[in-house]
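Chemist: Supplied structure: protein.cif, mmCIF, C-alpha atoms.
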data_structure
loop_
_atom_site.group_PDB
_atom_site.id
_atom_site.type_symbol
_atom_site.label_atom_id
_atom_site.label_comp_id
_atom_site.auth_asym_id
_atom_site.auth_seq_id
_atom_site.Cartn_x
_atom_site.Cartn_y
_atom_site.Cartn_z
ATOM 1 C CA MET A 227 -38.604 93.030 -26.134
ATOM 2 C CA SER A 228 -35.411 94.965 -26.736
ATOM 3 C CA ARG A 229 -35.864 98.697 -27.031
ATOM 4 C CA ALA A 230 -33.753 101.101 -28.998
ATOM 5 C CA LEU A 231 -30.369 101.869 -27.488
ATOM 6 C CA PRO A 232 -30.295 105.089 -25.452
ATOM 7 C CA LYS A 233 -28.793 108.011 -27.363
ATOM 8 C CA TYR A 234 -27.129 109.696 -24.428
ATOM 9 C CA ASN A 235 -23.581 110.262 -23.329
ATOM 10 C CA LYS A 236 -21.981 107.594 -25.498
ATOM 11 C CA ARG A 237 -18.346 107.084 -24.703
ATOM 12 C CA ARG A 238 -15.601 104.761 -25.787
ATOM 13 C CA VAL A 239 -14.131 102.800 -22.930
ATOM 14 C CA GLY A 240 -10.399 102.245 -22.651
ATOM 15 C CA LEU A 241 -9.259 98.671 -22.441
ATOM 16 C CA ALA A 242 -6.860 97.220 -19.939
ATOM 17 C CA GLY A 243 -3.982 95.594 -21.630
ATOM 18 C CA GLY A 244 -1.165 98.054 -22.214
ATOM 19 C CA ALA A 245 0.935 97.703 -25.310
ATOM 20 C CA ALA A 246 -1.239 94.964 -26.743
ATOM 21 C CA ALA A 247 -4.394 97.101 -26.607
ATOM 22 C CA VAL A 248 -6.603 96.878 -29.642
ATOM 23 C CA ALA A 249 -8.969 99.618 -30.773
ATOM 24 C CA LEU A 250 -12.552 98.837 -29.845
ATOM 25 C CA THR A 251 -13.878 97.677 -33.155
ATOM 26 C CA GLY A 252 -15.279 94.419 -34.343
ATOM 27 C CA ALA A 253 -12.715 93.912 -37.076
ATOM 28 C CA VAL A 254 -9.430 92.439 -35.885
ATOM 29 C CA ILE A 255 -6.715 91.241 -38.250
ATOM 30 C CA ALA A 256 -6.055 87.558 -37.819
ATOM 31 C CA GLY A 257 -3.823 84.528 -38.147
ATOM 32 C CA THR A 258 -0.374 84.561 -39.616
ATOM 33 C CA ALA A 259 -1.041 87.940 -41.201
ATOM 34 C CA LEU A 260 -1.879 89.569 -37.848
ATOM 35 C CA ALA A 261 -0.996 93.241 -37.971
ATOM 36 C CA GLY A 262 -1.813 94.018 -34.344
ATOM 37 C CA GLU A 263 -4.367 96.825 -34.613
ATOM 38 C CA SER A 264 -7.742 97.601 -36.092
ATOM 39 C CA SER A 265 -9.545 100.595 -37.525
ATOM 40 C CA GLU A 266 -10.805 103.252 -35.110
ATOM 41 C CA SER A 267 -14.154 103.585 -36.863
ATOM 42 C CA GLY A 268 -16.739 101.508 -34.996
ATOM 43 C CA GLY A 269 -17.287 98.163 -36.661
ATOM 44 C CA ALA A 270 -15.054 99.140 -39.587
ATOM 45 C CA ASP A 271 -13.490 96.427 -41.687
ATOM 46 C CA ALA A 272 -10.007 95.076 -41.005
ATOM 47 C CA ARG A 273 -8.382 93.019 -43.717
ATOM 48 C CA THR A 274 -5.612 90.481 -43.980
ATOM 49 C CA LEU A 275 -3.822 88.974 -46.910
ATOM 50 C CA ALA A 276 -4.826 85.504 -45.699
ATOM 51 C CA GLY A 277 -7.252 83.883 -48.125
ATOM 52 C CA PRO A 278 -10.035 83.088 -45.631
ATOM 53 C CA GLY A 279 -10.735 86.798 -44.987
ATOM 54 C CA THR A 280 -11.406 88.444 -41.633
ATOM 55 C CA VAL A 281 -14.269 88.707 -39.177
ATOM 56 C CA SER A 282 -16.080 92.030 -38.730
ATOM 57 C CA CYS A 283 -18.324 92.707 -35.726
ATOM 58 C CA PRO A 284 -20.286 95.773 -34.570
ATOM 59 C CA ASP A 285 -18.507 98.021 -32.062
ATOM 60 C CA VAL A 286 -20.027 97.616 -28.602
ATOM 61 C CA ALA A 287 -18.126 100.261 -26.617
ATOM 62 C CA SER A 288 -19.497 103.184 -28.622
ATOM 63 C CA GLN A 289 -23.075 102.002 -27.998
ATOM 64 C CA LEU A 290 -22.843 101.986 -24.207
ATOM 65 C CA PRO A 291 -24.390 104.649 -21.969
ATOM 66 C CA ALA A 292 -22.450 106.332 -19.169
ATOM 67 C CA ILE A 293 -20.756 103.596 -17.161
ATOM 68 C CA PRO A 294 -20.979 103.747 -13.350
ATOM 69 C CA ALA A 295 -17.593 103.771 -11.642
ATOM 70 C CA SER A 296 -18.501 100.579 -9.794
ATOM 71 C CA ALA A 297 -18.993 98.766 -13.125
ATOM 72 C CA GLN A 298 -16.035 100.206 -15.034
ATOM 73 C CA ALA A 299 -13.522 97.421 -14.351
ATOM 74 C CA GLU A 300 -15.977 94.651 -15.218
ATOM 75 C CA VAL A 301 -17.098 96.442 -18.383
ATOM 76 C CA ASP A 302 -13.463 96.951 -19.424
ATOM 77 C CA ARG A 303 -12.695 93.254 -18.926
ATOM 78 C CA ASN A 304 -15.633 92.201 -21.045
ATOM 79 C CA LEU A 305 -14.884 94.722 -23.792
ATOM 80 C CA ALA A 306 -11.347 93.323 -23.908
ATOM 81 C CA LEU A 307 -12.854 89.827 -24.063
ATOM 82 C CA LEU A 308 -14.919 90.839 -27.107
ATOM 83 C CA ASP A 309 -11.692 91.769 -28.894
ATOM 84 C CA GLN A 310 -10.033 88.529 -27.797
ATOM 85 C CA GLN A 311 -12.970 86.503 -29.126
ATOM 86 C CA ILE A 312 -12.637 88.111 -32.565
ATOM 87 C CA THR A 313 -8.878 87.551 -32.597
ATOM 88 C CA GLU A 314 -9.409 83.868 -31.778
ATOM 89 C CA ALA A 315 -12.101 83.552 -34.463
ATOM 90 C CA ASN A 316 -9.770 85.051 -37.058
ATOM 91 C CA LYS A 317 -6.999 82.657 -36.035
ATOM 92 C CA ARG A 318 -9.430 79.766 -36.364
ATOM 93 C CA LEU A 319 -10.328 80.972 -39.866
ATOM 94 C CA VAL A 320 -6.693 80.568 -40.881
ATOM 95 C CA ASP A 321 -6.099 77.322 -38.969
ATOM 96 C CA THR A 322 -9.138 75.543 -40.476
ATOM 97 C CA VAL A 323 -8.775 76.492 -44.141
ATOM 98 C CA GLY A 324 -10.182 73.648 -46.222
ATOM 99 C CA GLN A 325 -11.974 71.903 -43.364
ATOM 100 C CA GLY A 326 -15.659 71.035 -43.244
ATOM 101 C CA GLY A 327 -18.461 71.545 -45.721
ATOM 102 C CA PRO A 328 -20.001 74.648 -47.285
ATOM 103 C CA ASN A 329 -21.399 75.898 -43.958
ATOM 104 C CA PHE A 330 -18.303 75.187 -41.866
ATOM 105 C CA VAL A 331 -17.377 78.849 -41.244
ATOM 106 C CA GLN A 332 -20.907 79.777 -40.196
ATOM 107 C CA ASN A 333 -21.434 76.730 -38.015
ATOM 108 C CA ALA A 334 -17.980 76.376 -36.466
ATOM 109 C CA ILE A 335 -16.735 79.987 -36.307
ATOM 110 C CA LEU A 336 -19.310 82.760 -36.846
ATOM 111 C CA GLY A 337 -22.157 81.029 -35.001
ATOM 112 C CA PRO A 338 -20.086 80.186 -31.897
ATOM 113 C CA LEU A 339 -18.577 83.683 -31.964
ATOM 114 C CA GLU A 340 -22.059 85.212 -31.886
ATOM 115 C CA ASP A 341 -22.969 83.041 -28.906
ATOM 116 C CA LYS A 342 -19.842 84.157 -27.033
ATOM 117 C CA ARG A 343 -20.634 87.799 -27.802
ATOM 118 C CA VAL A 344 -24.249 87.423 -26.599
ATOM 119 C CA ALA A 345 -22.990 86.111 -23.252
ATOM 120 C CA THR A 346 -20.340 88.838 -22.990
ATOM 121 C CA VAL A 347 -22.597 91.787 -23.806
ATOM 122 C CA ASN A 348 -25.142 90.386 -21.349
ATOM 123 C CA ARG A 349 -22.456 90.529 -18.659
ATOM 124 C CA ILE A 350 -21.731 94.130 -19.630
ATOM 125 C CA ALA A 351 -25.421 95.032 -19.425
ATOM 126 C CA THR A 352 -25.726 93.275 -16.056
ATOM 127 C CA ALA A 353 -22.688 95.109 -14.646
ATOM 128 C CA ILE A 354 -24.112 98.489 -15.648
ATOM 129 C CA GLY A 355 -27.614 97.522 -14.528
ATOM 130 C CA ARG A 356 -26.572 96.903 -10.940
ATOM 131 C CA THR A 357 -26.337 100.642 -10.235
ATOM 132 C CA ALA A 358 -27.914 102.301 -13.297
ATOM 133 C CA ASP A 359 -30.464 101.588 -15.997
ATOM 134 C CA ARG A 360 -29.589 98.316 -17.718
ATOM 135 C CA PRO A 361 -28.840 99.065 -21.387
ATOM 136 C CA ALA A 362 -31.189 97.260 -23.741
ATOM 137 C CA GLY A 363 -30.560 95.996 -27.253
ATOM 138 C CA LEU A 364 -26.897 95.062 -26.900
ATOM 139 C CA ASP A 365 -27.704 91.582 -28.197
ATOM 140 C CA SER A 366 -28.297 93.167 -31.595
ATOM 141 C CA LEU A 367 -24.537 93.827 -31.753
ATOM 142 C CA ALA A 368 -23.582 90.154 -31.310
ATOM 143 C CA ALA A 369 -23.736 88.877 -34.898
ATOM 144 C CA CYS A 370 -20.584 89.169 -36.982
ATOM 145 C CA SER A 371 -19.859 88.766 -40.689
ATOM 146 C CA LEU A 372 -16.983 87.524 -42.800
ATOM 147 C CA ASP A 373 -15.074 89.875 -45.070
ATOM 148 C CA ALA A 374 -13.805 87.295 -47.565
ATOM 149 C CA GLN A 375 -11.078 88.188 -50.021
ATOM 150 C CA GLY A 376 -8.101 86.727 -51.797
ATOM 151 C CA ASP A 377 -8.714 83.236 -53.163
ATOM 152 C CA PRO A 378 -12.299 83.125 -54.516
ATOM 153 C CA ALA A 379 -12.528 79.520 -53.325
ATOM 154 C CA ALA A 380 -11.576 80.422 -49.774
ATOM 155 C CA PRO A 381 -13.880 78.896 -47.145
ATOM 156 C CA GLY A 382 -16.523 81.246 -45.896
ATOM 157 C CA GLN A 383 -17.026 83.392 -49.006
ATOM 158 C CA GLU A 384 -20.393 81.819 -49.562
ATOM 159 C CA GLU A 385 -21.241 81.578 -45.867
ATOM 160 C CA THR A 386 -24.369 83.716 -45.872
ATOM 161 C CA GLY A 387 -26.882 81.031 -45.005
ATOM 162 C CA GLY A 388 -28.286 79.949 -41.692
ATOM 163 C CA THR A 389 -26.893 77.603 -39.109
ATOM 164 C CA GLU A 390 -28.357 75.085 -36.786
ATOM 165 C CA ALA A 391 -26.178 76.448 -34.026
ATOM 166 C CA SER A 392 -26.972 80.079 -33.274
ATOM 167 C CA ALA A 393 -28.927 81.015 -30.139
ATOM 168 C CA PRO A 394 -31.474 83.835 -30.506
ATOM 169 C CA PRO A 395 -30.866 87.239 -28.970
ATOM 170 C CA ALA A 396 -32.633 88.197 -25.760
ATOM 171 C CA GLY A 397 -36.286 88.829 -26.349
ATOM 172 C CA ASP A 398 -36.411 86.547 -29.386
ATOM 173 C CA ALA A 399 -36.315 83.279 -27.478
ATOM 174 C CA GLY A 400 -40.044 82.966 -28.030
ATOM 175 C CA ASP A 401 -39.430 82.104 -31.666
ATOM 176 C CA ASP A 402 -38.344 78.672 -30.528
ATOM 177 C CA GLU A 403 -41.241 76.287 -30.155
ATOM 178 C CA GLY A 404 -41.771 74.035 -27.197
ATOM 179 C CA ALA A 405 -42.912 74.112 -23.625
ATOM 180 C CA GLY A 406 -40.583 74.547 -20.698
ATOM 181 C CA GLY A 407 -38.939 71.896 -18.619
ATOM 182 C CA GLY A 408 -35.573 70.585 -17.557
ATOM 183 C CA ASP A 409 -32.904 69.820 -20.057
ATOM 184 C CA ALA A 410 -30.999 66.979 -18.429
ATOM 185 C CA GLY A 411 -32.496 64.271 -20.602
ATOM 186 C CA ALA A 412 -32.444 66.057 -23.947
ATOM 187 C CA GLY A 413 -30.617 64.135 -26.619
ATOM 188 C CA GLN A 414 -29.790 61.244 -24.299
ATOM 189 C CA ASP A 415 -32.137 58.565 -25.485
ATOM 190 C CA GLY A 416 -29.368 56.193 -26.436
ATOM 191 C CA ASP A 417 -26.657 56.270 -29.041
ATOM 192 C CA ALA A 418 -27.349 54.226 -32.116
ATOM 193 C CA SER A 419 -24.476 55.803 -34.029
ATOM 194 C CA GLY A 420 -21.662 54.888 -31.662
ATOM 195 C CA VAL A 421 -20.393 58.472 -31.466
ATOM 196 C CA GLY A 422 -21.712 59.065 -27.948
ATOM 197 C CA THR A 423 -24.264 61.496 -26.542
ATOM 198 C CA ILE A 424 -24.023 64.854 -24.820
ATOM 199 C CA SER A 425 -24.957 65.197 -21.156
ATOM 200 C CA CYS A 426 -25.669 68.578 -19.569
ATOM 201 C CA PRO A 427 -26.685 69.631 -16.050
ATOM 202 C CA ASP A 428 -30.424 70.073 -15.570
ATOM 203 C CA VAL A 429 -31.223 73.773 -15.133
ATOM 204 C CA ALA A 430 -34.918 73.691 -14.205
ATOM 205 C CA PRO A 431 -34.524 72.096 -10.720
ATOM 206 C CA GLN A 432 -31.904 74.730 -9.825
ATOM 207 C CA LEU A 433 -34.238 77.670 -10.375
ATOM 208 C CA PRO A 434 -35.944 79.533 -7.533
ATOM 209 C CA ALA A 435 -39.663 80.257 -7.528
ATOM 210 C CA ILE A 436 -40.468 81.804 -10.910
ATOM 211 C CA PRO A 437 -42.625 84.944 -10.937
ATOM 212 C CA ALA A 438 -45.766 84.587 -13.042
ATOM 213 C CA SER A 439 -44.617 87.468 -15.243
ATOM 214 C CA ALA A 440 -41.433 85.549 -16.114
ATOM 215 C CA GLN A 441 -42.906 82.062 -16.511
ATOM 216 C CA ALA A 442 -43.446 82.134 -20.282
ATOM 217 C CA GLU A 443 -39.968 83.477 -21.022
ATOM 218 C CA VAL A 444 -38.340 80.994 -18.652
ATOM 219 C CA ASP A 445 -40.284 78.139 -20.263
ATOM 220 C CA ARG A 446 -39.171 79.173 -23.742
ATOM 221 C CA ASN A 447 -35.524 79.280 -22.707
ATOM 222 C CA LEU A 448 -35.705 75.946 -20.883
ATOM 223 C CA ALA A 449 -37.116 74.463 -24.083
ATOM 224 C CA LEU A 450 -34.288 76.123 -25.997
ATOM 225 C CA LEU A 451 -31.753 74.382 -23.734
ATOM 226 C CA ASP A 452 -33.290 71.069 -24.774
ATOM 227 C CA GLN A 453 -33.192 72.075 -28.430
ATOM 228 C CA GLN A 454 -29.523 73.057 -28.185
ATOM 229 C CA ILE A 455 -28.580 69.626 -26.828
ATOM 230 C CA THR A 456 -30.608 67.875 -29.526
ATOM 231 C CA GLU A 457 -28.845 69.919 -32.225
ATOM 232 C CA ALA A 458 -25.432 69.229 -30.685
ATOM 233 C CA ASN A 459 -26.123 65.481 -30.660
ATOM 234 C CA LYS A 460 -27.202 65.659 -34.297
ATOM 235 C CA ARG A 461 -23.984 67.490 -35.122
ATOM 236 C CA LEU A 462 -22.016 64.721 -33.388
ATOM 237 C CA VAL A 463 -23.487 62.243 -35.855
ATOM 238 C CA ASP A 464 -23.236 64.499 -38.914
ATOM 239 C CA THR A 465 -19.541 65.325 -38.366
ATOM 240 C CA VAL A 466 -18.155 61.854 -37.589
ATOM 241 C CA GLY A 467 -14.576 61.698 -38.852
ATOM 242 C CA GLN A 468 -14.148 65.456 -39.307
ATOM 243 C CA GLY A 469 -11.422 67.546 -37.721
ATOM 244 C CA GLY A 470 -8.624 66.616 -35.372
ATOM 245 C CA PRO A 471 -8.581 65.200 -31.839
ATOM 246 C CA ASN A 472 -10.106 68.363 -30.347
ATOM 247 C CA PHE A 473 -12.863 68.759 -32.942
ATOM 248 C CA VAL A 474 -15.741 67.742 -30.655
ATOM 249 C CA GLN A 475 -14.616 70.092 -27.891
ATOM 250 C CA ASN A 476 -13.892 73.034 -30.190
ATOM 251 C CA ALA A 477 -16.746 72.699 -32.662
ATOM 252 C CA ILE A 478 -19.544 71.137 -30.578
ATOM 253 C CA LEU A 479 -19.104 71.165 -26.786
ATOM 254 C CA GLY A 480 -17.486 74.612 -26.617
ATOM 255 C CA PRO A 481 -20.120 76.341 -28.770
ATOM 256 C CA LEU A 482 -22.866 74.484 -26.874
ATOM 257 C CA GLU A 483 -21.546 75.853 -23.586
ATOM 258 C CA ASP A 484 -21.560 79.392 -25.010
ATOM 259 C CA LYS A 485 -25.180 78.967 -26.118
ATOM 260 C CA ARG A 486 -26.161 77.668 -22.700
ATOM 261 C CA VAL A 487 -24.443 80.569 -20.942
ATOM 262 C CA ALA A 488 -26.455 83.021 -23.050
ATOM 263 C CA THR A 489 -29.683 81.079 -22.460
ATOM 264 C CA VAL A 490 -29.345 80.734 -18.679
ATOM 265 C CA ASN A 491 -28.462 84.429 -18.522
ATOM 266 C CA ARG A 492 -31.764 85.188 -20.240
ATOM 267 C CA ILE A 493 -33.533 82.995 -17.686
ATOM 268 C CA ALA A 494 -31.819 84.817 -14.818
ATOM 269 C CA THR A 495 -32.667 88.186 -16.341
ATOM 270 C CA ALA A 496 -36.327 87.258 -16.781
ATOM 271 C CA ILE A 497 -36.621 86.203 -13.135
ATOM 272 C CA GLY A 498 -34.575 89.169 -11.942
ATOM 273 C CA ARG A 499 -36.993 91.723 -13.373
ATOM 274 C CA THR A 500 -39.480 91.123 -10.551
ATOM 275 C CA ALA A 501 -37.574 88.966 -8.029
ATOM 276 C CA ASP A 502 -34.046 88.258 -6.875
ATOM 277 C CA ARG A 503 -31.892 87.353 -9.862
ATOM 278 C CA PRO A 504 -30.625 83.770 -9.434
ATOM 279 C CA ALA A 505 -26.858 83.538 -9.214
ATOM 280 C CA GLY A 506 -24.545 80.776 -10.350
ATOM 281 C CA LEU A 507 -26.563 79.453 -13.289
ATOM 282 C CA ASP A 508 -23.473 79.806 -15.488
ATOM 283 C CA SER A 509 -21.983 76.876 -13.595
ATOM 284 C CA LEU A 510 -24.592 74.646 -15.265
ATOM 285 C CA ALA A 511 -23.526 75.572 -18.797
ATOM 286 C CA ALA A 512 -20.703 73.094 -19.425
ATOM 287 C CA CYS A 513 -21.623 69.724 -20.941
ATOM 288 C CA THR A 514 -19.740 66.476 -21.427
ATOM 289 C CA LEU A 515 -19.600 63.723 -24.028
ATOM 290 C CA THR A 516 -20.689 60.284 -22.831
ATOM 291 C CA LYS A 517 -19.601 57.350 -24.976
#
Here is a file; write its structure as structure tokens.
Modeler:
Amino acid sequence: MSRALPKYNKRRVGLAGGAAAVALTGAVIAGTALAGESSESGGADARTLAGPGTVSCPDVASQLPAIPASAQAEVDRNLALLDQQITEANKRLVDTVGQGGPNFVQNAILGPLEDKRVATVNRIATAIGRTADRPAGLDSLAACSLDAQGDPAAPGQEETGGTEASAPPAGDAGDDEGAGGGDAGAGQDGDASGVGTISCPDVAPQLPAIPASAQAEVDRNLALLDQQITEANKRLVDTVGQGGPNFVQNAILGPLEDKRVATVNRIATAIGRTADRPAGLDSLAACTLTK
């Protein structure tokens, strides 16, 4: 279970990047109306004249404890990556105006962005945790929202509903039903639709001995890996004919990889609480489309 964030020695971390540095806030101005900087108030809104609106995310840097010198460079890189992810999401908002159905922004932009942020803040927590107390609760800062403005019909203004795509934050994986097991065969029972099926590396056989205290959490996340593949295969069928030549990679395989990175990181963290944390599980995150 995530505990409340520690209230000690908060500091804002400077980003590498020189003249292109962006203030550490979740709101970054996007697309053709990019202004190049965001508000200094943590998580404050940034706006653009583009109809789709802009993405606003909670500020992570201001919620971190004191950062050990040995972790500073890695934390800086990942904080910069959080900004880059928001910039890319805002660009995608502009580039995909008019595409998809009523949940397109949530499913194809905000959901995948949250998954990327979960993986990134987990890397930040891991870097700090190597030589100090691992900060808890950073996953709660992963979800972002859309500040829609301009054209009332702009995509995303009604995007407040759920999505089939978002992975749960650490500690909430138990909300997903199912027993543990490998994920190699999930969603690969044949392709009646002709669109192909998604194949992913099997995680379970690559795990070391699992401590009894971690077994339930590992099982839940292995089941979640299966569920993610099933949902991605369903999305393959539901979105036939949508998007351009890179639609499957950008809207299905890419987001699936981000979800799997976050999920295998939770598995590694669960094992690492009472045993050696398994390394290299991220290499099992990428999936392919088999036609």
Chemist: May I ask which of the residues A:Gly498, A:Ala353, A:Asn491, A:Ser509 is the closest one to Ala295 (chain A), counting all atoms listed in the file?
Modeler: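 For Ala295 (chain A), the nearest of the candidates is A:Ala353.
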Chemist: Would you pick out the contacts of region 432-444 of chain A at 6 Å or less, using only C-alpha atoms, so that residues sharing its chain but fewer than 2 positions from it are not included, and give the list as a PyMOL selection string?
Modeler: chain A and resi 429-430+446-447+493+496-497
Chemist: Quick one, how far is CA of Cys370 (chain A) from CA of Leu510 (chain A)?
Modeler: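 Separation of CA of Cys370 (chain A) and CA of Leu510 (chain A): 26.4 Å.
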Chemist: Would you mind reading off the distance between CA of Ala512 (chain A) and CA of Val474 (chain A), one decimal, in Å?
Modeler: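 Between CA of Ala512 (chain A) and CA of Val474 (chain A) the gap is 13.4 Å.
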Chemist: Where does the PyMOL selection byres ((chain A and resi 423-425) around 6) land in this file, that is, which residues does it pick, as a PDB file with C-alpha atoms, in the coordinates of the input?
Modeler:
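Output below, filename part_33.pdb:
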ATOM      1  CA  GLN A 414     -29.790  61.244 -24.299  1.00  0.00           C
ATOM      2  CA  GLY A 422     -21.712  59.065 -27.948  1.00  0.00           C
ATOM      3  CA  CYS A 426     -25.669  68.578 -19.569  1.00  0.00           C
ATOM      4  CA  CYS A 513     -21.623  69.724 -20.941  1.00  0.00           C
ATOM      5  CA  THR A 514     -19.740  66.476 -21.427  1.00  0.00           C
ATOM      6  CA  LEU A 515     -19.600  63.723 -24.028  1.00  0.00           C
ATOM      7  CA  THR A 516     -20.689  60.284 -22.831  1.00  0.00           C
TER       8      THR A 516
END
Chemist: To one decimal in Å, tell me the separation between CA of Arg360 (chain A) and CA of Arg486 (chain A).
Modeler: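 Result for CA of Arg360 (chain A) versus CA of Arg486 (chain A): 21.5 Å, one decimal.
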Chemist: Of the candidates A:Gln289, A:Thr357, A:Asn472, A:Ser366, which shows the shortest atom-to-atom distance to Asp341 (chain A), using only C-alpha atoms?
Modeler: A:Ser366
Chemist: Check what the PyMOL selection byres ((chain A and resi 286) around 8) selects in the file above and give those residues as a PyMOL selection string.
Modeler: chain A and resi 250-251+284-285+287-290+305+347+364+367
Chemist: Find, counting all atoms listed in the file, the residue in A:Val490, A:Ala351, A:Ala477, A:Ile312 that gets nearest to Ala449 (chain A).
Modeler: A:Val490
Chemist: A:Pro481, A:Ala501, A:Ile350, A:Asp464: which is nearest Arg303 (chain A), counting only C-alpha atoms?
Modeler: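 Of all the options, A:Ile350 lies closest to Arg303 (chain A).
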